[in-house]
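Coordinates as given in structure_2.cif (mmCIF, C-alpha atoms):
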```
data_data
loop_
_atom_site.group_PDB
_atom_site.id
_atom_site.type_symbol
_atom_site.label_atom_id
_atom_site.label_comp_id
_atom_site.auth_asym_id
_atom_site.auth_seq_id
_atom_site.Cartn_x
_atom_site.Cartn_y
_atom_site.Cartn_z
ATOM 1 C CA GLY A 146 -23.908 -23.850 -79.928
ATOM 2 C CA TYR A 147 -23.246 -26.384 -82.628
ATOM 3 C CA LEU A 148 -21.857 -25.289 -86.031
ATOM 4 C CA SER A 149 -21.320 -27.117 -89.295
ATOM 5 C CA GLY A 150 -20.247 -26.060 -92.749
ATOM 6 C CA VAL A 151 -17.797 -26.495 -95.594
ATOM 7 C CA TYR A 152 -14.864 -24.616 -97.085
ATOM 8 C CA PHE A 153 -12.420 -25.177 -99.920
ATOM 9 C CA TYR A 154 -9.015 -24.132 -101.158
ATOM 10 C CA ASP A 155 -9.048 -22.368 -104.531
ATOM 11 C CA LYS A 156 -6.243 -24.660 -105.673
ATOM 12 C CA TYR A 157 -8.135 -27.938 -105.059
ATOM 13 C CA ARG A 158 -11.810 -26.909 -105.390
ATOM 14 C CA LYS A 159 -12.959 -29.806 -103.224
ATOM 15 C CA LEU A 160 -15.407 -29.168 -100.376
ATOM 16 C CA ILE A 161 -14.030 -29.872 -96.902
ATOM 17 C CA THR A 162 -16.543 -30.588 -94.123
ATOM 18 C CA VAL A 163 -16.151 -28.922 -90.709
ATOM 19 C CA ASN A 164 -18.247 -28.964 -87.552
ATOM 20 C CA GLY A 165 -17.844 -28.033 -83.931
ATOM 21 C CA ASN A 166 -18.924 -25.638 -81.210
ATOM 22 C CA ALA A 167 -19.101 -21.895 -80.659
ATOM 23 C CA THR A 168 -19.346 -19.584 -77.695
ATOM 24 C CA SER A 169 -19.826 -15.824 -77.839
ATOM 25 C CA ASP A 170 -16.060 -15.310 -78.325
ATOM 26 C CA GLU A 171 -14.616 -18.570 -79.634
ATOM 27 C CA ILE A 172 -15.185 -21.170 -82.370
ATOM 28 C CA ASN A 173 -13.612 -24.626 -82.471
ATOM 29 C CA LEU A 174 -14.167 -26.669 -85.625
ATOM 30 C CA ASN A 175 -12.963 -30.107 -86.645
ATOM 31 C CA GLU A 176 -12.100 -30.830 -90.272
ATOM 32 C CA TYR A 177 -12.974 -34.243 -91.645
ATOM 33 C CA LYS A 178 -11.831 -36.511 -94.449
ATOM 34 C CA ASP A 179 -13.725 -39.759 -95.002
ATOM 35 C CA ASP A 180 -15.585 -39.154 -91.707
ATOM 36 C CA GLU A 181 -12.305 -39.028 -89.735
ATOM 37 C CA PRO A 182 -11.120 -35.828 -87.995
ATOM 38 C CA ILE A 183 -7.837 -34.659 -89.525
ATOM 39 C CA ALA A 184 -7.465 -31.027 -88.420
ATOM 40 C CA THR A 185 -8.888 -28.366 -86.112
ATOM 41 C CA PHE A 186 -9.665 -24.663 -86.369
ATOM 42 C CA HIS A 187 -9.332 -22.605 -83.164
ATOM 43 C CA LEU A 188 -10.767 -19.131 -83.792
ATOM 44 C CA LYS A 189 -11.534 -16.142 -81.585
ATOM 45 C CA ARG A 190 -13.730 -13.163 -82.377
ATOM 46 C CA SER A 191 -11.841 -9.934 -82.910
ATOM 47 C CA GLY A 192 -14.304 -7.191 -83.852
ATOM 48 C CA SER A 193 -15.952 -8.273 -87.103
ATOM 49 C CA LYS A 194 -13.267 -10.903 -87.796
ATOM 50 C CA LEU A 195 -12.346 -14.360 -86.633
ATOM 51 C CA LYS A 196 -8.642 -14.934 -86.019
ATOM 52 C CA GLY A 197 -6.783 -18.031 -84.956
ATOM 53 C CA ASP A 198 -5.071 -21.159 -86.196
ATOM 54 C CA TRP A 199 -5.653 -24.226 -88.307
ATOM 55 C CA LEU A 200 -3.858 -27.207 -86.748
ATOM 56 C CA GLY A 201 -3.320 -30.433 -88.638
ATOM 57 C CA LYS A 202 -0.741 -33.037 -89.597
ATOM 58 C CA ASP A 203 2.189 -31.372 -87.802
ATOM 59 C CA LYS A 204 1.301 -27.966 -89.294
ATOM 60 C CA ARG A 205 -0.043 -24.756 -87.818
ATOM 61 C CA LEU A 206 -1.344 -22.074 -90.149
ATOM 62 C CA PRO A 207 -2.773 -18.653 -89.241
ATOM 63 C CA VAL A 208 -6.436 -18.076 -90.174
ATOM 64 C CA GLU A 209 -8.378 -14.847 -90.512
ATOM 65 C CA ALA A 210 -11.956 -14.555 -91.751
ATOM 66 C CA GLY A 211 -14.342 -11.634 -91.862
ATOM 67 C CA TRP A 212 -17.880 -10.799 -92.814
#
```

Kindly return the structure encoded in the file as C-alpha cells.
Amino acid sequence: GYLSGVYFYDKYRKLITVNGNATSDEINLNEYKDDEPIATFHLKRSGSKLKGDWLGKDKRLPVEAGW
C-alpha cells in the first residue's frame, strides 16, 4: 500500500517529506525537496526492525529503524 510521512535529522531539525509503497516485507520511500525527488529509502522487514539503505546524491547510507 501507499505510505507517506516525514523525518528529520537532529542536526538540522527540518522536516523531510517521504512517500512511497510497502509490501509485507519491503518499503520503498522517496525523499523530496521542493516537490522534487532527491533520495530513496529501500528497507526490508527484519523481525521488529526495518533495515536497508538511503540512496541519494552519490551516497549510500545504512538505515535501521525499530518500533

Exercise. For Ile161 (chain A), work out the shell of residues within 7 Å, counting only C-alpha atoms and skipping chain neighbours fewer than 2 positions away, then give it as a count of residues only.
Key: 7

Exercise. Would you list the residues near (-10.6, -17.0, -82.3), meaning any protein, DNA or RNA residue with an atom at most 10 Å from that point in file coordinates, counting all atoms listed in the file, as a PyMOL selection string?
Key: chain A and resi 167+170-173+186-191+194-198+208-210

Self-check item: Selection under test: the PyMOL selection byres ((chain A and resi 200-204) around 7); residues as a PyMOL selection string
Solution: chain A and resi 183-186+198-199+205-206

Quiz item: Do you have the CA of Arg158 (chain A)-CA of Gly192 (chain A) distance handy?
Solution: 29.3 Å

Practice problem: State, in Å with one decimal place, the distance from CA of Gly150 (chain A) to CA of Lys178 (chain A). | Solution: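 Value for the CA of Gly150 (chain A)-CA of Lys178 (chain A) distance: 13.5 Å.
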
Mind giving me the axis-aligned box for region 201-209 of chain A with 5 Å on every side, centre plus edges in Å to one decimal, as lines of an AutoDock Vina configuration file?
```
center_x = -3.1
center_y = -23.9
center_z = -89.2
size_x = 20.6
size_y = 28.2
size_z = 12.7
```

Exercise. Counting all atoms listed in the file, figure out which residue out of A:Leu148, A:Thr162, A:Trp212, A:Asp155 gets nearest to Asp180 (chain A).
Key: A:Thr162
